[in-house]
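Shown next: coords-v3.txt, given as compact mmCIF, C-alpha atoms.
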```txt
# COMPACT_ATOMS: atom_id res chain seq x y z
CA MET X 15 16.50 -44.76 74.64
CA ARG X 16 15.36 -48.29 75.35
CA PHE X 17 13.56 -50.79 73.18
CA THR X 18 11.52 -53.39 75.03
CA ALA X 19 11.82 -57.14 74.44
CA GLU X 20 8.63 -59.12 75.03
CA ASP X 21 8.69 -62.85 75.60
CA ILE X 22 5.61 -63.68 73.50
CA ASP X 23 5.04 -65.86 70.42
CA GLY X 24 3.26 -65.17 67.12
CA HIS X 25 -0.08 -66.37 68.44
CA GLU X 26 0.03 -63.96 71.35
CA VAL X 27 1.02 -61.10 69.01
CA ALA X 28 -1.97 -61.95 66.80
CA ARG X 29 -4.30 -62.13 69.83
CA ARG X 30 -3.21 -58.66 70.97
CA GLU X 31 -3.55 -57.22 67.46
CA ALA X 32 -7.12 -58.56 67.27
CA LEU X 33 -7.93 -57.07 70.68
CA TYR X 34 -6.28 -53.64 70.60
CA GLY X 35 -6.60 -52.85 66.87
CA PRO X 36 -10.43 -52.64 66.94
CA LEU X 37 -10.36 -50.55 70.15
CA ALA X 38 -8.03 -47.98 68.55
CA GLU X 39 -10.15 -48.02 65.38
CA ALA X 40 -13.29 -47.32 67.44
CA VAL X 41 -11.55 -44.39 69.17
CA ARG X 42 -10.42 -43.03 65.77
CA GLU X 43 -14.07 -42.91 64.73
CA LEU X 44 -14.95 -41.17 68.00
CA VAL X 45 -12.25 -38.55 67.36
CA ASP X 46 -13.81 -37.80 63.96
CA ALA X 47 -17.34 -37.66 65.41
CA THR X 48 -16.18 -35.37 68.25
CA ILE X 49 -15.10 -32.78 65.69
CA ARG X 50 -18.16 -33.08 63.44
CA THR X 51 -21.11 -33.68 65.74
CA GLU X 52 -24.10 -31.34 65.88
CA VAL X 53 -26.25 -33.23 68.38
CA ASP X 54 -27.79 -31.21 71.21
CA ALA X 55 -25.97 -30.18 74.39
CA ALA X 56 -27.54 -32.89 76.55
CA ALA X 57 -26.32 -35.61 74.19
CA VAL X 58 -22.81 -34.11 74.05
CA GLN X 59 -22.64 -34.06 77.85
CA GLU X 60 -23.87 -37.64 78.14
CA VAL X 61 -21.25 -38.81 75.66
CA GLU X 62 -18.59 -36.89 77.58
CA ALA X 63 -19.58 -38.69 80.81
CA THR X 64 -19.58 -42.04 79.01
CA VAL X 65 -16.12 -41.37 77.59
CA ARG X 66 -14.74 -40.39 81.00
CA ALA X 67 -16.11 -43.62 82.50
CA ALA X 68 -14.61 -45.69 79.66
CA THR X 69 -11.24 -44.01 80.21
CA ALA X 70 -11.35 -44.73 83.94
CA ARG X 71 -12.08 -48.38 83.16
CA LEU X 72 -9.05 -48.62 80.84
CA ARG X 73 -6.87 -46.88 83.41
CA ASP X 74 -7.73 -49.49 86.07
CA ARG X 75 -4.51 -51.12 84.98
CA GLN X 76 -2.10 -49.35 82.64
CA ILE X 77 1.61 -49.03 81.92
CA ASP X 78 3.57 -46.10 83.30
CA GLY X 79 4.34 -43.59 80.57
CA ALA X 80 4.37 -44.26 76.84
CA PHE X 81 4.08 -47.58 75.01
CA GLY X 82 7.61 -47.58 73.64
CA VAL X 83 8.80 -49.77 70.79
CA ARG X 84 8.68 -53.47 71.54
CA TYR X 85 10.27 -56.49 69.95
CA THR X 86 9.44 -60.16 70.28
CA GLU X 87 12.18 -62.68 70.92
CA ASP X 88 12.12 -63.68 67.22
CA GLY X 89 12.71 -60.08 66.12
CA ARG X 90 9.16 -59.03 65.24
CA ILE X 91 8.74 -55.29 65.84
CA MET X 92 5.63 -53.91 67.57
CA PRO X 93 5.65 -50.10 67.24
CA TRP X 94 2.03 -50.04 68.38
CA GLY X 95 2.18 -46.70 70.13
CA ASN X 96 3.72 -44.89 67.14
CA VAL X 97 1.80 -41.75 66.16
CA VAL X 98 2.01 -42.56 62.42
CA ILE X 99 1.83 -46.36 62.17
CA GLY X 100 0.76 -47.49 65.65
CA LEU X 101 -1.94 -50.17 65.78
CA ARG X 102 -2.89 -49.01 69.28
CA ASN X 103 -2.60 -45.26 68.67
CA PRO X 104 -5.92 -43.61 67.68
CA ILE X 105 -4.02 -40.55 66.39
CA ALA X 106 -2.22 -42.68 63.80
CA PRO X 107 -4.29 -42.92 60.56
CA PRO X 108 -2.51 -45.54 60.74
CA LEU X 109 -0.20 -45.79 57.76
CA THR X 110 0.89 -49.15 56.37
CA VAL X 111 4.30 -48.59 54.79
CA HIS X 112 5.24 -50.94 51.94
CA ARG X 113 8.80 -51.56 50.80
CA GLU X 114 10.23 -52.44 47.39
CA ARG X 115 14.04 -52.52 47.38
CA ASP X 116 15.24 -48.92 48.07
CA ARG X 117 11.72 -47.45 47.93
CA CYS X 118 8.85 -47.12 50.41
CA TRP X 119 5.27 -46.06 49.80
CA SER X 120 1.96 -45.81 51.58
CA GLU X 121 -1.60 -45.05 50.50
CA PHE X 122 -3.98 -43.73 53.13
CA THR X 123 -6.89 -41.37 53.72
CA LEU X 124 -6.80 -38.29 55.97
CA GLY X 125 -10.12 -36.93 57.24
CA ALA X 126 -11.42 -34.11 59.44
CA ALA X 127 -8.99 -34.84 62.29
CA TYR X 128 -5.95 -33.80 60.22
CA GLU X 129 -7.25 -30.43 59.02
CA GLY X 130 -5.33 -27.16 58.86
CA PRO X 131 -6.67 -24.79 56.16
CA PRO X 132 -10.38 -25.38 55.43
CA GLY X 133 -10.84 -28.78 53.74
CA HIS X 134 -7.08 -29.32 53.54
CA VAL X 135 -4.41 -31.27 55.38
CA HIS X 136 -2.36 -29.23 57.90
CA GLY X 137 1.07 -28.55 56.42
CA GLY X 138 2.65 -30.04 59.54
CA ILE X 139 0.72 -33.29 59.06
CA CYS X 140 2.19 -33.48 55.54
CA ALA X 141 5.60 -33.12 57.25
CA LEU X 142 4.73 -35.81 59.82
CA VAL X 143 3.77 -38.34 57.16
CA LEU X 144 6.76 -37.54 54.95
CA ASP X 145 9.21 -37.69 57.86
CA HIS X 146 7.96 -41.17 58.65
CA VAL X 147 7.94 -42.54 55.09
CA LEU X 148 11.35 -41.03 54.27
CA GLY X 149 12.73 -42.44 57.52
CA SER X 150 11.34 -45.87 56.64
CA ALA X 151 12.92 -45.73 53.19
CA SER X 152 16.26 -44.75 54.72
CA SER X 153 16.59 -47.96 56.68
CA PRO X 154 15.15 -51.40 56.04
CA GLU X 155 16.48 -52.81 59.30
CA LYS X 156 18.24 -50.64 61.82
CA PRO X 157 16.47 -47.58 63.28
CA ASN X 158 17.50 -44.27 61.73
CA PHE X 159 16.92 -40.81 63.16
CA THR X 160 16.04 -37.70 61.22
CA GLY X 161 19.02 -35.35 60.88
CA THR X 162 17.48 -32.73 58.60
CA LEU X 163 14.20 -32.59 56.75
CA THR X 164 13.27 -30.07 54.05
CA LEU X 165 9.75 -29.71 52.71
CA ARG X 166 8.61 -27.78 49.65
CA TYR X 167 4.89 -27.15 49.53
CA ARG X 168 3.78 -26.89 45.89
CA ARG X 169 0.09 -26.49 46.67
CA ALA X 170 -2.38 -27.21 49.46
CA THR X 171 -3.07 -30.93 50.06
CA PRO X 172 -6.81 -31.73 50.09
CA LEU X 173 -8.25 -34.02 52.78
CA GLY X 174 -9.04 -37.44 51.27
CA PRO X 175 -7.05 -40.27 49.68
CA LEU X 176 -3.31 -39.60 49.48
CA ARG X 177 -0.05 -41.36 48.66
CA ALA X 178 3.39 -40.82 50.16
CA GLU X 179 6.54 -42.32 48.71
CA ALA X 180 10.28 -42.08 49.22
CA ARG X 181 13.51 -43.59 47.96
CA ILE X 182 17.15 -43.54 48.92
CA ASP X 183 19.08 -41.02 46.85
CA ARG X 184 22.55 -41.88 48.20
CA VAL X 185 24.36 -43.20 51.26
CA ASP X 186 27.44 -41.49 52.69
CA GLY X 187 28.80 -43.31 55.77
CA VAL X 188 26.25 -43.09 58.58
CA LYS X 189 24.14 -40.58 56.58
CA THR X 190 21.41 -41.69 54.20
CA TYR X 191 19.95 -39.11 51.80
CA VAL X 192 16.31 -39.73 50.95
CA VAL X 193 13.85 -37.95 48.64
CA GLY X 194 10.09 -38.31 48.53
CA ALA X 195 6.73 -36.72 47.92
CA LEU X 196 3.13 -36.54 49.02
CA SER X 197 0.52 -36.71 46.24
CA ASP X 198 -3.20 -36.62 45.64
CA SER X 199 -4.91 -37.90 42.47
CA ASP X 200 -3.78 -34.76 40.60
CA GLY X 201 -0.08 -35.21 41.40
CA VAL X 202 2.52 -34.02 43.87
CA THR X 203 1.50 -31.55 46.59
CA VAL X 204 4.61 -31.59 48.81
CA GLU X 205 8.21 -32.58 48.01
CA ALA X 206 10.63 -33.66 50.72
CA GLU X 207 14.26 -34.49 51.18
CA GLY X 208 15.87 -35.73 54.34
CA VAL X 209 19.16 -36.82 55.81
CA PHE X 210 18.77 -39.75 58.17
CA ILE X 211 21.46 -40.79 60.59
CA LEU X 212 22.24 -44.17 62.11
CA PRO X 213 22.43 -43.63 65.88
CA VAL X 214 25.78 -44.30 67.54
CA TRP X 215 24.55 -47.36 69.44
CA ALA X 216 23.35 -49.01 66.20
CA ARG X 217 26.65 -48.61 64.36
CA GLU X 218 28.80 -51.64 63.65
CA GLY X 219 31.15 -52.41 66.49
CA SER X 220 29.20 -50.29 68.96
CA THR X 221 29.10 -51.71 72.47
CA THR X 222 26.16 -49.58 73.60
CA THR X 223 23.24 -51.55 72.19
CA PRO X 224 19.74 -50.89 73.47
CA THR X 225 17.95 -53.66 75.33
CA MET B 21 -10.63 -22.85 49.94
CA ARG B 22 -13.56 -21.41 51.85
CA PHE B 23 -13.74 -19.93 55.32
CA THR B 24 -17.13 -20.11 56.99
CA ALA B 25 -18.87 -17.10 58.54
CA GLU B 26 -21.13 -17.90 61.50
CA ASP B 27 -23.84 -15.52 62.62
CA ILE B 28 -23.31 -15.98 66.37
CA ASP B 29 -22.35 -13.62 69.22
CA GLY B 30 -19.74 -13.86 71.95
CA HIS B 31 -22.11 -15.57 74.37
CA GLU B 32 -22.87 -18.32 71.87
CA VAL B 33 -19.15 -18.77 71.15
CA ALA B 34 -18.52 -19.14 74.90
CA ARG B 35 -21.42 -21.61 75.25
CA ARG B 36 -19.99 -23.78 72.47
CA GLU B 37 -16.47 -23.62 73.92
CA ALA B 38 -17.80 -24.78 77.30
CA LEU B 39 -19.70 -27.66 75.64
CA TYR B 40 -17.23 -28.98 73.05
CA GLY B 41 -13.93 -28.27 74.84
CA PRO B 42 -14.58 -30.75 77.68
CA LEU B 43 -15.78 -33.43 75.22
CA ALA B 44 -12.55 -33.16 73.20
CA GLU B 45 -10.53 -33.18 76.44
CA ALA B 46 -12.30 -36.36 77.56
CA VAL B 47 -11.53 -38.01 74.20
CA ARG B 48 -7.87 -36.94 74.49
CA GLU B 49 -7.67 -38.83 77.78
CA LEU B 50 -9.33 -41.85 76.15
CA VAL B 51 -6.73 -41.77 73.35
CA ASP B 52 -3.95 -41.91 75.95
CA ALA B 53 -5.65 -44.71 77.91
CA THR B 54 -6.23 -46.71 74.69
CA ILE B 55 -2.47 -46.84 74.11
CA ARG B 56 -1.50 -47.57 77.72
CA THR B 57 -4.21 -49.87 79.08
CA GLU B 58 -3.46 -53.36 80.39
CA VAL B 59 -6.95 -54.33 81.55
CA ASP B 60 -8.22 -57.77 80.52
CA ALA B 61 -9.71 -58.64 77.13
CA ALA B 62 -13.31 -58.56 78.33
CA ALA B 63 -12.90 -55.01 79.65
CA VAL B 64 -11.21 -53.86 76.41
CA GLN B 65 -14.08 -55.30 74.37
CA GLU B 66 -16.71 -53.69 76.59
CA VAL B 67 -15.01 -50.31 76.26
CA GLU B 68 -14.82 -50.78 72.48
CA ALA B 69 -18.59 -51.41 72.34
CA THR B 70 -19.24 -48.38 74.57
CA VAL B 71 -17.08 -46.18 72.35
CA ARG B 72 -18.84 -47.38 69.18
CA ALA B 73 -22.22 -46.56 70.75
CA ALA B 74 -21.00 -43.10 71.83
CA THR B 75 -19.75 -42.43 68.30
CA ALA B 76 -23.09 -43.48 66.80
CA ARG B 77 -24.84 -41.09 69.20
CA LEU B 78 -22.62 -38.17 68.11
CA ARG B 79 -23.12 -39.07 64.45
CA ASP B 80 -26.94 -38.84 64.80
CA ARG B 81 -26.47 -35.32 63.52
CA GLN B 82 -23.13 -34.17 62.12
CA ILE B 83 -21.69 -31.86 59.50
CA ASP B 84 -20.59 -33.22 56.13
CA GLY B 85 -16.82 -33.42 55.92
CA ALA B 86 -14.35 -31.47 58.01
CA PHE B 87 -15.01 -28.63 60.46
CA GLY B 88 -13.28 -25.94 58.41
CA VAL B 89 -12.18 -22.59 59.78
CA ARG B 90 -15.03 -20.39 60.96
CA TYR B 91 -15.32 -16.73 61.71
CA THR B 92 -17.95 -14.83 63.66
CA GLU B 93 -19.43 -11.66 62.19
CA ASP B 94 -17.20 -9.57 64.46
CA GLY B 95 -14.06 -11.27 63.16
CA ARG B 96 -13.42 -13.77 65.92
CA ILE B 97 -11.71 -16.86 64.48
CA MET B 98 -12.80 -20.39 65.46
CA PRO B 99 -10.23 -22.87 64.11
CA TRP B 100 -11.75 -25.56 66.32
CA GLY B 101 -11.07 -28.49 64.00
CA ASN B 102 -7.36 -27.63 63.61
CA VAL B 103 -5.07 -30.57 64.35
CA VAL B 104 -2.63 -28.42 66.37
CA ILE B 105 -4.77 -25.81 68.14
CA GLY B 106 -8.36 -27.04 67.66
CA LEU B 107 -10.58 -26.86 70.74
CA ARG B 108 -12.77 -29.62 69.27
CA ASN B 109 -9.96 -31.79 67.89
CA PRO B 110 -8.83 -34.56 70.29
CA ILE B 111 -5.62 -35.02 68.26
CA ALA B 112 -4.57 -31.42 69.00
CA PRO B 113 -2.60 -31.24 72.30
CA PRO B 114 -4.01 -28.44 71.89
CA LEU B 115 -1.41 -25.69 71.67
CA THR B 116 -2.17 -22.16 72.85
CA VAL B 117 0.04 -19.86 70.80
CA HIS B 118 1.00 -16.55 72.42
CA ARG B 119 2.17 -13.50 70.49
CA GLU B 120 4.56 -10.67 71.40
CA ARG B 121 5.25 -8.36 68.49
CA ASP B 122 7.12 -10.38 65.81
CA ARG B 123 7.47 -13.44 68.05
CA CYS B 124 5.19 -16.40 68.89
CA TRP B 125 5.63 -19.07 71.53
CA SER B 126 3.76 -21.94 73.11
CA GLU B 127 4.39 -24.20 76.09
CA PHE B 128 2.70 -27.59 76.10
CA THR B 129 3.13 -31.21 77.12
CA LEU B 130 3.25 -34.16 74.72
CA GLY B 131 2.47 -37.63 76.11
CA ALA B 132 2.24 -41.23 74.91
CA ALA B 133 0.06 -40.37 71.90
CA TYR B 134 2.87 -38.43 70.18
CA GLU B 135 5.59 -41.07 70.46
CA GLY B 136 8.06 -42.12 67.77
CA PRO B 137 11.32 -43.49 69.20
CA PRO B 138 10.83 -45.05 72.67
CA GLY B 139 9.97 -42.32 75.20
CA HIS B 140 10.52 -39.59 72.62
CA VAL B 141 8.42 -37.34 70.40
CA HIS B 142 8.11 -38.50 66.77
CA GLY B 143 10.33 -36.31 64.58
CA GLY B 144 7.31 -35.55 62.41
CA ILE B 145 5.35 -34.27 65.42
CA CYS B 146 8.22 -31.87 66.11
CA ALA B 147 7.77 -30.74 62.49
CA LEU B 148 4.00 -30.40 62.93
CA VAL B 149 4.33 -28.19 65.99
CA LEU B 150 7.10 -26.07 64.47
CA ASP B 151 5.22 -25.62 61.18
CA HIS B 152 2.27 -24.28 63.13
CA VAL B 153 4.18 -21.95 65.46
CA LEU B 154 6.38 -20.61 62.64
CA GLY B 155 3.28 -20.08 60.51
CA SER B 156 1.60 -18.19 63.37
CA ALA B 157 4.66 -15.97 63.81
CA SER B 158 4.70 -15.23 60.09
CA SER B 159 1.30 -13.57 60.13
CA PRO B 160 -0.56 -11.81 62.91
CA GLU B 161 -3.69 -11.35 60.81
CA LYS B 162 -3.97 -12.76 57.33
CA PRO B 163 -3.57 -16.51 56.76
CA ASN B 164 -0.16 -17.55 55.43
CA PHE B 165 0.70 -20.85 53.81
CA THR B 166 3.92 -22.80 54.24
CA GLY B 167 6.18 -22.48 51.19
CA THR B 168 9.23 -24.32 52.47
CA LEU B 169 10.12 -25.68 55.88
CA THR B 170 13.55 -26.92 56.95
CA LEU B 171 14.14 -28.77 60.20
CA ARG B 172 17.44 -29.61 61.84
CA TYR B 173 17.23 -32.25 64.54
CA ARG B 174 19.97 -31.66 67.11
CA ARG B 175 18.90 -34.48 69.39
CA ALA B 176 15.84 -36.59 70.20
CA THR B 177 13.00 -34.68 71.90
CA PRO B 178 11.77 -36.41 75.08
CA LEU B 179 8.04 -36.75 75.75
CA GLY B 180 6.98 -34.27 78.44
CA PRO B 181 6.86 -30.48 78.82
CA LEU B 182 8.15 -28.59 75.77
CA ARG B 183 8.34 -25.09 74.37
CA ALA B 184 8.17 -23.96 70.74
CA GLU B 185 8.97 -20.44 69.63
CA ALA B 186 9.43 -18.56 66.39
CA ARG B 187 10.12 -15.05 65.14
CA ILE B 188 10.11 -13.25 61.82
CA ASP B 189 13.61 -13.01 60.37
CA ARG B 190 12.69 -10.84 57.37
CA VAL B 191 9.88 -10.01 54.95
CA ASP B 192 10.38 -9.90 51.18
CA GLY B 193 7.16 -9.02 49.33
CA VAL B 194 4.64 -11.83 49.81
CA LYS B 195 7.29 -14.04 51.44
CA THR B 196 7.96 -14.00 55.18
CA TYR B 197 11.09 -15.74 56.47
CA VAL B 198 10.67 -17.19 59.95
CA VAL B 199 13.06 -19.01 62.30
CA GLY B 200 12.22 -20.99 65.41
CA ALA B 201 13.02 -23.89 67.67
CA LEU B 202 11.58 -26.62 69.84
CA SER B 203 13.14 -27.01 73.30
CA ASP B 204 12.95 -29.09 76.44
CA SER B 205 14.29 -27.99 79.84
CA ASP B 206 17.86 -28.75 78.68
CA GLY B 207 17.67 -26.51 75.59
CA VAL B 208 16.98 -26.72 71.88
CA THR B 209 16.17 -30.11 70.34
CA VAL B 210 15.01 -29.06 66.85
CA GLU B 211 15.73 -25.88 64.87
CA ALA B 212 13.44 -24.74 62.07
CA GLU B 213 13.29 -22.14 59.35
CA GLY B 214 10.41 -21.55 57.02
CA VAL B 215 9.23 -19.39 54.18
CA PHE B 216 5.55 -18.51 54.46
CA ILE B 217 3.57 -17.10 51.58
CA LEU B 218 0.50 -14.88 51.54
CA PRO B 219 -2.06 -16.59 49.30
CA VAL B 220 -3.10 -14.75 46.15
CA TRP B 221 -6.66 -14.13 47.39
CA ALA B 222 -5.39 -12.44 50.58
CA ARG B 223 -3.10 -9.98 48.81
CA GLU B 224 -3.96 -6.30 48.73
CA GLY B 225 -6.15 -5.46 45.77
CA SER B 226 -7.20 -9.07 45.20
CA THR B 227 -10.79 -9.47 44.06
CA THR B 228 -10.95 -13.17 44.91
CA THR B 229 -11.63 -13.05 48.64
CA PRO B 230 -12.83 -16.16 50.43
CA THR B 231 -16.27 -16.11 52.02
```

Structure rendered as structure tokens:
Amino acid sequence: MRFTAEDIDGHEVARREALYGPLAEAVRELVDATIRTEVDAAAVQEVEATVRAATARLRDRQIDGAFGVRYTEDGRIMPWGNVVIGLRNPIAPPLTVHRERDRCWSEFTLGAAYEGPPGHVHGGICALVLDHVLGSASSPEKPNFTGTLTLRYRRATPLGPLRAEARIDRVDGVKTYVVGALSDSDGVTVEAEGVFILPVWAREGSTTTPT
Amino acid sequence: MRFTAEDIDGHEVARREALYGPLAEAVRELVDATIRTEVDAAAVQEVEATVRAATARLRDRQIDGAFGVRYTEDGRIMPWGNVVIGLRNPIAPPLTVHRERDRCWSEFTLGAAYEGPPGHVHGGICALVLDHVLGSASSPEKPNFTGTLTLRYRRATPLGPLRAEARIDRVDGVKTYVVGALSDSDGVTVEAEGVFILPVWAREGSTTTPT
């Protein structure tokens, strides 16, 4: 598993954010409209052709495979392809995860694209969001990997504005125990607990660091 | 939670599948290209403008809110907005879930849009897929809801071709215990067990049926 170093400065990072962020945001809107549209067949087919042409244009020059996780020389992380927080990933809502000491939280809105039961968030999307926020809480610096994750669904989570939060419960060697919850305005909908594990190459004294 | 009955026949269902399926597929490709493109800034901005115009065209007429889960009069289900299996949802890979007695399985490929760690599937996407396949295995007919879900991550799941499967372990009243796993070509990457619960309105003798 390789992280990618990029030899760019803060200005170049900002330029790329300003370029790729709005493109991903536009595609997020298109995803929502694709699910909800009721225009006639001719219009749907024209949009399909337009989208295929736009895709071909973007693919004129593209990286092989996935985006990866990139770092700048000064240690700034760019997880722009990440499916939960990625600036360049139209599937990502995207979440902005805030940190306060041993606690992380995020407030975000999930619309039509995240549906499972009618009008409600898919239970697996609740798991996706909680996995990410618990994982973030588990480690302020080094990357942690999910060891186990347990979810208790108290009630269905409605589509709309939501909040996810998590905090470290205890640390035992390379294992960090984290608890958290997903909530709507009426309170908790899903509770979660997870054990997150520091990968071997990130442990102190390891000689197998990623590059 | 309301399911939506649609007064349409098999031919109309097929017509809609043939219209909306390719649109969602085209948008899936655009999502991938949005993450991976390296074309110049002018091209990115032109595509962004094109996508915004396409979205506006689709939004000329659209449903309020999410797609929901729809049924035809003859009982055919159309979960087309679903984030895992939805024909109309560009976020859905989409999975096709097969059933054999008390067992469900699905083979599918996850690309750049589902990334967490570099080159690997986000742990929460593994949870999303497993929640759905376990839930499907839990109930051949009536809708079940996730009660608890526990995931054990044996190793990181690489992006690429994958298989998820699940089977009923035991049934205890309204609770169905299901076990399953996600695998790549080298074997299991994530194990899962879940308890799925028949909602009150779907239980025998209930007078509060959804419409």

Practice item. Could you give me, as a ChimeraX atom specification, the residues that have an atom at most 12 Å away from the point (6.6, -13.4, 64.9) in the coordinates of the file, using all atoms listed in the file? Key: /B:117-125,152-161,185-191,196-200,214,216

Edge lengths and centre, in Å to one decimal, as lines of an AutoDock Vina configuration file: that's what I need for the box along x, y and z that holds all listed atoms of segment 205-213 of chain X plus 4 Å on each side.
```
center_x = 15.3
center_y = -38.4
center_z = 56.9
size_x = 22.2
size_y = 19.6
size_z = 25.9
```

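One finds atom CA of Gly125 of chain X at 13.8 Å from atom CA of Glu39 of chain X.
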
Could you list, as a compact mmCIF listing (two decimals) with C-alpha atoms, keeping the file's coordinate frame, every residue within 10 Å of Val47 of chain B, counting only C-alpha atoms and ignoring same-chain residues fewer than 4 positions away?
```
# COMPACT_ATOMS: atom_id res chain seq x y z
CA VAL X 41 -11.55 -44.39 69.17
CA ARG X 42 -10.42 -43.03 65.77
CA LEU X 44 -14.95 -41.17 68.00
CA VAL X 45 -12.25 -38.55 67.36
CA THR X 48 -16.18 -35.37 68.25
CA VAL X 61 -21.25 -38.81 75.66
CA GLU X 62 -18.59 -36.89 77.58
CA VAL X 65 -16.12 -41.37 77.59
CA ARG X 66 -14.74 -40.39 81.00
CA ALA X 68 -14.61 -45.69 79.66
CA THR X 69 -11.24 -44.01 80.21
CA PRO B 42 -14.58 -30.75 77.68
CA LEU B 43 -15.78 -33.43 75.22
CA VAL B 51 -6.73 -41.77 73.35
CA ASP B 52 -3.95 -41.91 75.95
CA ALA B 53 -5.65 -44.71 77.91
CA ARG B 108 -12.77 -29.62 69.27
CA ASN B 109 -9.96 -31.79 67.89
CA PRO B 110 -8.83 -34.56 70.29
CA ILE B 111 -5.62 -35.02 68.26
```

**Study point:** Of the listed residues B:Thr177, B:Ile217, B:Val33, B:Glu58, that which approaches Pro163 of chain B most closely, counting only C-alpha atoms
**Key:**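 Among B:Thr177, B:Ile217, B:Val33, B:Glu58, it is B:Ile217 that comes nearest to Pro163 of chain B.
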
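In this comparison, which uses all atoms listed in the file, the residue of X:Leu142, X:Ala67, X:Ala56, X:Ile22 approaching chain B most closely is X:Leu142.
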
Exercise for review: Between atom CA of Asp204 of chain B and atom CA of Val104 of chain B, measure the distance and give it in Å to one decimal.
Suggested key: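 According to the coordinates, atom CA of Asp204 of chain B and atom CA of Val104 of chain B are separated by 18.6 Å.
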
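Counting from atom CA of Asp27 of chain B, the distance to atom CA of Arg79 of chain B is 23.6 Å.
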
Exercise for review: Measuring atom to atom with only C-alpha atoms, identify which of B:Pro219, B:Gly193, B:Gly101, B:Pro181 is nearest to His136 of chain X.
Suggested key: B:Gly101

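Residue nearest Trp100 of chain B, chosen from X:Pro132, X:Gly137, X:Gly201, X:Gly35 and counting all atoms listed in the file: X:Pro132.
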
Practice item. Write out as number ranges by chain which residues come within 12 Å of Ala25 of chain B when counting only C-alpha atoms, dropping same-chain ones fewer than 3 positions away. Key: B: 22, 28-29, 88-99, 230-231

Generate a file of the selected residues that holds C-alpha atoms, formatted as a CSV table (one decimal), in the frame of the given file.
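Ended up saving to result28.csv:
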```csv
chain,number,residue,atom,x,y,z
B,22,ARG,CA,-13.6,-21.4,51.8
B,28,ILE,CA,-23.3,-16.0,66.4
B,29,ASP,CA,-22.4,-13.6,69.2
B,88,GLY,CA,-13.3,-25.9,58.4
B,89,VAL,CA,-12.2,-22.6,59.8
B,90,ARG,CA,-15.0,-20.4,61.0
B,91,TYR,CA,-15.3,-16.7,61.7
B,92,THR,CA,-18.0,-14.8,63.7
B,93,GLU,CA,-19.4,-11.7,62.2
B,94,ASP,CA,-17.2,-9.6,64.5
B,95,GLY,CA,-14.1,-11.3,63.2
B,96,ARG,CA,-13.4,-13.8,65.9
B,97,ILE,CA,-11.7,-16.9,64.5
B,98,MET,CA,-12.8,-20.4,65.5
B,99,PRO,CA,-10.2,-22.9,64.1
B,230,PRO,CA,-12.8,-16.2,50.4
B,231,THR,CA,-16.3,-16.1,52.0
```

**Study point:** Residue nearest chain X among B:Ala34, B:Leu115, B:Cys146, B:Val194 (counting all atoms listed in the file)
**Key:**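 Going through B:Ala34, B:Leu115, B:Cys146, B:Val194 one by one, the smallest distance to chain X is for B:Cys146.
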
Point to revise | Residue among B:Asp206, B:Asp151, B:Glu224, B:Asp60 lying closest to chain X, counting only C-alpha atoms | key: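 Ranked by minimum distance to chain X, first place goes to B:Asp151.
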